[in-house]
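Engineer: Take a look at this one; I'll ask things after.
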Amino acid sequence: MRAVQYLSVGGGPEVVEIPTPDPGPGQIRLEVTAAGLCHSDWFVMGLPAEQYAYGLPLTLGHEGVGVVDALGAGVTGVAEGDPVAVYGPWGCGLCHACARGAENYCPRAGSLGIAPPGLGAPGALAEHLIVDDVRHLVPLGDLDPVATVSLTDAGLTPYHAIVSSLSALPAGSTAVVIGAGGLGHVGIQILRAITGATVIALDISEEKLALAKDVGAHHALPSNAEAVDAIREMTGGVGAQAVFDFVGATPTLEIARQSVALDGVVQIVGIGGGVMTTGFFATPFGASVRAPYWGMRSELMEVLDLARAGAIHVEVERYGIEQAPEAYQRLHDGAVRGRAVVVP
Ligand code: NAD
Ligand code: ZN
Ligand code: ZN
């Protein structure tokens with residue numbers, strides 16, 4: 001089968017031919033119908049050898065949907081032909097976090113060598129994907145695979161961050177979204193769908209600011225030092241009750257720190273490697289700072305329900321598997337509008 005692999009540290013993604021895997025006991029094989037490209041893949045491919053811990057060769061792709069096409073021994077609950085979405089942050093399945101569906105915070109996954117597909121385990125950018133357990137599958141129903149696949153990360157991750165800030169975002173509140181890319185443009189829609197907040201989007205690209213407005217941001221501003229004054233002015237000096245930073249670089253974290261309201265929350269989603277000054281007088285009284293990771297299994301079901309209800313959608317650029325390296329380059333260059341999705 002064809003797959004998109006990261007073969008050597010410092011090399012880019014390449015399309016290769018590899019054997020089609022068979023599912024072992026308890027595993028499920030999918031025929032992949034769509035796989036999404038995430039900026040985190042570039043984080044992984046940008047790591048120096050001494051920090052790289054994802055194994056080589058790595059089949060990329062941690063956003064995947066497909067159709068069940070083979071069952072390992074003992075698998076029950078799904079049947080060949082079922083369309084499913086893959087819940088990616090695999091945990092041990094047995095601890096307290098996993099028991100409540102928060103496998104994204106499983107404290108045992110690392111020590112047990114359990115890794116998400118595309119981030120250690122073979123990923124979804126291939127004609128077939130092995131899923132380790134039936135609990136990682138969420139029924140897709142009649143949702144379109146290409147339009148839906150990125151909700152497994154670019155939808156789930158902002159949803160998880162927003163849900164944990166829900167009490168801060170009643171009618172009359174303000175939410176700031178920094179970075180209207182793959183995650184950010186879905187985050188804006190989720191904020192509009194499930195909170196009462198006025199949404200202010202910031203980005204460095206004119207096209208992304210236009211996208212932010214298209215998907216429902218009330219205001220879209222260039223992401224620079226003046227943004228802080230603009231946010232303060234728009235909120236009568238109060239600031240934003242929640243700031244979602246989908247970049248996470250030091251300049252954006254500084255904007256977040258300076259624009260969050262008293263008792264507000266900063267959610268650092270982007271893994272831009274930035275550092276934020278904290279300390280008693282560095283942030284407003286009561287403000288909290290959080291670094292959420294991906295999302296819960298039940299939240300993925302809720303995100304798919306929002307899509308079914310027509311409340312959120314993903315702006316998609318569609319590519320064939322041979323074009324995956326080109327699509328990755330566009331993502332790297334900040335040129336993708338919404339999310340790049342590969343149909344193997
Ligand atoms: P993307 O490339 O699609 O979007 C990034 C957006 O940020 C682009 O619109 C870009 O123009 C904008 N941007 C860049 N610099 C900016 C700045 N200084 N100010 C404002 N906007 C700026 O990326 P993505 O796939 O949406 O991922 C976003 C971030 O979230 C990445 O760092 C990614 O690794 C991370 N991520 C984290 C998690 C998690 O679980 N915490 C999950 C998925 C992705
Ligand atoms: Zn991702
Ligand atoms: Zn666990």
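Chain labels run A, B, ... following the order of the structure tokens; each chain numbers its residues from 1, and ligands are numbered from 1 in the order shown.
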Using only C-alpha atoms and all ligand atoms, which residues of the polymer chains come no farther than 7 Å from ligand 1? I'd like the answer as a compact mmCIF listing (two decimals) with N, CA, C and O atoms, in the first residue's frame.
Structural biologist:
```txt
# COMPACT_ATOMS: atom_id res chain seq x y z
N CYS A 38 -1.70 18.14 10.07
CA CYS A 38 -1.71 19.06 11.21
C CYS A 38 -0.35 19.73 11.33
O CYS A 38 0.68 19.13 11.01
N HIS A 39 -0.37 20.96 11.83
CA HIS A 39 0.91 21.65 12.00
C HIS A 39 1.83 20.93 12.99
O HIS A 39 3.05 21.07 12.94
N SER A 40 1.24 20.13 13.89
CA SER A 40 2.06 19.37 14.83
C SER A 40 3.00 18.39 14.10
O SER A 40 4.06 18.04 14.62
N PHE A 43 6.03 20.11 13.73
CA PHE A 43 6.77 20.16 15.00
C PHE A 43 7.62 18.88 15.12
O PHE A 43 8.82 18.93 15.40
N ASP A 153 -9.12 16.19 15.29
CA ASP A 153 -8.08 16.96 15.99
C ASP A 153 -8.37 18.45 15.90
O ASP A 153 -8.58 19.12 16.92
N ALA A 154 -8.45 18.98 14.68
CA ALA A 154 -8.67 20.43 14.52
C ALA A 154 -10.05 20.85 15.06
O ALA A 154 -10.28 22.03 15.30
N THR A 157 -9.62 19.35 19.51
CA THR A 157 -8.69 20.08 20.38
C THR A 157 -9.25 21.44 20.81
O THR A 157 -9.28 21.74 22.02
N ILE A 178 -6.26 33.37 18.84
CA ILE A 178 -5.02 33.78 18.17
C ILE A 178 -4.60 32.66 17.21
O ILE A 178 -4.32 31.54 17.64
N GLY A 179 -4.59 32.96 15.91
CA GLY A 179 -4.24 31.97 14.89
C GLY A 179 -5.47 31.32 14.30
O GLY A 179 -6.05 30.41 14.89
N ALA A 180 -5.90 31.81 13.14
CA ALA A 180 -7.11 31.29 12.50
C ALA A 180 -6.75 30.29 11.41
O ALA A 180 -7.17 30.39 10.26
N GLY A 181 -5.95 29.29 11.79
CA GLY A 181 -5.56 28.24 10.86
C GLY A 181 -6.49 27.04 10.99
O GLY A 181 -7.69 27.18 11.24
N GLY A 182 -5.90 25.83 10.86
CA GLY A 182 -6.70 24.61 10.93
C GLY A 182 -7.52 24.53 12.21
O GLY A 182 -8.75 24.38 12.18
N LEU A 183 -6.87 24.64 13.36
CA LEU A 183 -7.60 24.57 14.63
C LEU A 183 -8.42 25.84 14.88
O LEU A 183 -9.59 25.77 15.30
N GLY A 184 -7.81 26.98 14.61
CA GLY A 184 -8.43 28.24 14.96
C GLY A 184 -9.74 28.49 14.24
O GLY A 184 -10.72 28.97 14.83
N LEU A 202 -7.28 36.92 15.88
CA LEU A 202 -6.03 37.58 15.49
C LEU A 202 -5.22 36.64 14.60
O LEU A 202 -5.16 35.44 14.86
N ASP A 203 -4.61 37.20 13.58
CA ASP A 203 -3.70 36.40 12.75
C ASP A 203 -2.73 37.37 12.08
O ASP A 203 -2.95 38.59 12.09
N ILE A 204 -1.65 36.80 11.52
CA ILE A 204 -0.68 37.65 10.83
C ILE A 204 -0.96 37.68 9.33
O ILE A 204 -0.32 38.42 8.60
N SER A 205 -1.89 36.85 8.88
CA SER A 205 -2.17 36.76 7.45
C SER A 205 -3.53 37.37 7.13
O SER A 205 -4.53 37.08 7.80
N LYS A 208 -6.14 34.70 6.37
CA LYS A 208 -6.68 34.01 7.55
C LYS A 208 -7.64 34.91 8.32
O LYS A 208 -8.61 34.42 8.91
N SER A 223 -2.35 40.38 14.26
CA SER A 223 -1.76 39.91 15.52
C SER A 223 -0.46 40.66 15.77
O SER A 223 0.61 40.27 15.29
N PHE A 246 -3.65 29.59 19.56
CA PHE A 246 -3.36 28.45 18.68
C PHE A 246 -2.01 28.60 17.99
O PHE A 246 -1.76 27.96 16.97
N VAL A 247 -1.16 29.45 18.54
CA VAL A 247 0.19 29.62 18.01
C VAL A 247 1.19 29.22 19.12
O VAL A 247 2.03 28.36 18.92
N GLY A 248 1.10 29.90 20.26
CA GLY A 248 1.94 29.51 21.39
C GLY A 248 3.38 29.98 21.29
O GLY A 248 4.27 29.40 21.92
N ALA A 249 3.61 31.01 20.50
CA ALA A 249 4.95 31.62 20.44
C ALA A 249 5.01 32.73 21.48
O ALA A 249 3.97 33.23 21.92
N PRO A 251 5.58 35.96 21.36
CA PRO A 251 4.79 37.19 21.10
C PRO A 251 3.27 36.98 21.28
O PRO A 251 2.59 37.88 21.76
N THR A 252 2.77 35.82 20.89
CA THR A 252 1.32 35.60 21.03
C THR A 252 0.95 35.35 22.50
O THR A 252 -0.10 35.77 22.96
N VAL A 269 -2.82 26.40 23.32
CA VAL A 269 -3.01 25.20 22.50
C VAL A 269 -1.84 25.01 21.54
O VAL A 269 -1.37 23.90 21.31
N GLY A 270 -1.36 26.10 20.97
CA GLY A 270 -0.26 26.02 20.01
C GLY A 270 1.03 25.62 20.68
O GLY A 270 1.30 26.01 21.82
N ILE A 271 1.83 24.84 19.96
CA ILE A 271 3.07 24.34 20.55
C ILE A 271 4.27 25.09 19.94
O ILE A 271 5.28 24.50 19.59
N GLY A 272 4.09 26.41 19.85
CA GLY A 272 5.11 27.25 19.23
C GLY A 272 6.38 27.43 20.05
O GLY A 272 7.29 28.14 19.64
N ALA A 291 -2.55 24.46 29.50
CA ALA A 291 -2.02 23.94 28.24
C ALA A 291 -2.76 22.65 27.90
O ALA A 291 -2.28 21.56 28.20
N PRO A 292 -3.95 22.74 27.30
CA PRO A 292 -4.74 21.55 27.04
C PRO A 292 -4.13 20.72 25.91
O PRO A 292 -3.50 21.26 25.01
N TYR A 293 -4.35 19.43 25.99
CA TYR A 293 -3.85 18.52 24.95
C TYR A 293 -5.03 17.73 24.37
O TYR A 293 -5.76 17.06 25.11
N TRP A 294 -5.23 17.87 23.06
CA TRP A 294 -6.21 17.10 22.28
C TRP A 294 -7.56 17.09 23.00
O TRP A 294 -8.04 18.13 23.42
N LEU A 331 1.21 23.79 4.01
CA LEU A 331 0.92 23.97 5.44
C LEU A 331 2.11 24.66 6.12
O LEU A 331 1.93 25.59 6.92
N HIS A 332 3.29 24.20 5.78
CA HIS A 332 4.51 24.78 6.34
C HIS A 332 4.59 26.28 6.03
O HIS A 332 4.98 27.08 6.89
N GLY A 334 2.19 28.30 5.54
CA GLY A 334 1.03 29.07 6.02
C GLY A 334 0.02 29.36 4.93
O GLY A 334 -0.79 30.28 5.05
N VAL A 336 -2.29 27.14 3.55
CA VAL A 336 -3.52 26.33 3.54
C VAL A 336 -4.68 27.14 4.13
O VAL A 336 -4.55 27.72 5.20
N GLY A 338 -7.84 26.78 5.99
CA GLY A 338 -8.52 25.72 6.74
C GLY A 338 -7.58 24.55 6.93
O GLY A 338 -6.50 24.69 7.49
N ARG A 339 -7.97 23.37 6.45
CA ARG A 339 -7.19 22.16 6.65
C ARG A 339 -6.90 21.46 5.34
O ARG A 339 -7.77 21.38 4.47
```
Engineer: What are the DSSP helix (DSSP H, G or I) residues of region 165-306 of chain A, as JSON, numbers by chain?
Structural biologist: {"A": [166, 167, 168, 182, 183, 184, 185, 186, 187, 188, 189, 190, 191, 192, 193, 194, 206, 207, 208, 209, 210, 211, 212, 213, 214, 226, 227, 228, 229, 230, 231, 232, 233, 234, 250, 251, 252, 253, 254, 255, 256, 257, 258, 259, 297, 298, 299, 300, 301, 302, 303, 304, 305, 306]}
Engineer: Quick one: of A:Thr76, A:Gln27, A:Ser150, A:Thr33, who's nearest to ligand 2, counting only C-alpha atoms and all ligand atoms?
Structural biologist: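 Among the listed residues, the smallest separation from ligand 2 belongs to A:Ser150.
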Engineer: Determine, for each residue of region 307-341 of chain A having at least one atom at most 12 Å from an atom of region 137-143 of chain A, the closest pair of atoms and their separation in Å to one decimal, counting only C-alpha atoms; order by chain and ascending number, as a Markdown table.
Structural biologist:
```
| residue | atom | partner | partner_atom | distance |
| --- | --- | --- | --- | --- |
| A:Ala307 | CA | A:Leu143 | CA | 8.2 |
| A:Arg308 | CA | A:Leu143 | CA | 7.0 |
| A:Ala309 | CA | A:Leu143 | CA | 10.7 |
| A:Gly310 | CA | A:Leu143 | CA | 10.7 |
| A:His313 | CA | A:Leu143 | CA | 11.0 |
```
Engineer: Mind writing the picked residues with all heavy atoms as a CSV table (one decimal), in the first residue's frame?
Structural biologist:
```
chain,number,residue,atom,x,y,z
A,307,ALA,N,-21.2,18.9,14.0
A,307,ALA,CA,-21.1,18.9,12.6
A,307,ALA,C,-22.4,18.4,11.9
A,307,ALA,O,-22.9,19.0,11.0
A,307,ALA,CB,-19.9,18.1,12.1
A,308,ARG,N,-23.0,17.4,12.6
A,308,ARG,CA,-24.2,16.8,12.1
A,308,ARG,C,-25.3,17.8,12.1
A,308,ARG,O,-26.2,17.9,11.2
A,308,ARG,CB,-24.6,15.6,12.9
A,308,ARG,CG,-24.4,14.3,12.2
A,308,ARG,CD,-24.7,13.1,13.1
A,308,ARG,NE,-23.7,12.2,12.9
A,308,ARG,CZ,-22.8,11.8,13.8
A,308,ARG,NH1,-22.8,12.1,15.0
A,308,ARG,NH2,-21.8,10.9,13.4
A,309,ALA,N,-25.3,18.7,13.1
A,309,ALA,CA,-26.3,19.7,13.3
A,309,ALA,C,-26.1,20.9,12.4
A,309,ALA,O,-26.9,21.8,12.4
A,309,ALA,CB,-26.4,20.2,14.8
A,310,GLY,N,-25.0,20.9,11.7
A,310,GLY,CA,-24.6,22.0,10.7
A,310,GLY,C,-24.1,23.2,11.4
A,310,GLY,O,-24.0,24.3,10.9
A,313,HIS,N,-18.1,23.4,10.5
A,313,HIS,CA,-17.6,22.7,9.4
A,313,HIS,C,-16.1,23.0,9.3
A,313,HIS,O,-15.6,23.9,9.9
A,313,HIS,CB,-18.4,23.1,8.1
A,313,HIS,CG,-18.0,24.5,7.6
A,313,HIS,ND1,-18.4,25.6,8.2
A,313,HIS,CD2,-17.1,24.9,6.7
A,313,HIS,CE1,-17.9,26.7,7.6
A,313,HIS,NE2,-17.1,26.3,6.7
```
Engineer: Pick out the residues no farther than 9 Å from ligand 3, counting only C-alpha atoms and all ligand atoms, and list them as a VMD selection string.
Structural biologist: chain A and resid 90 to 99 102 to 109
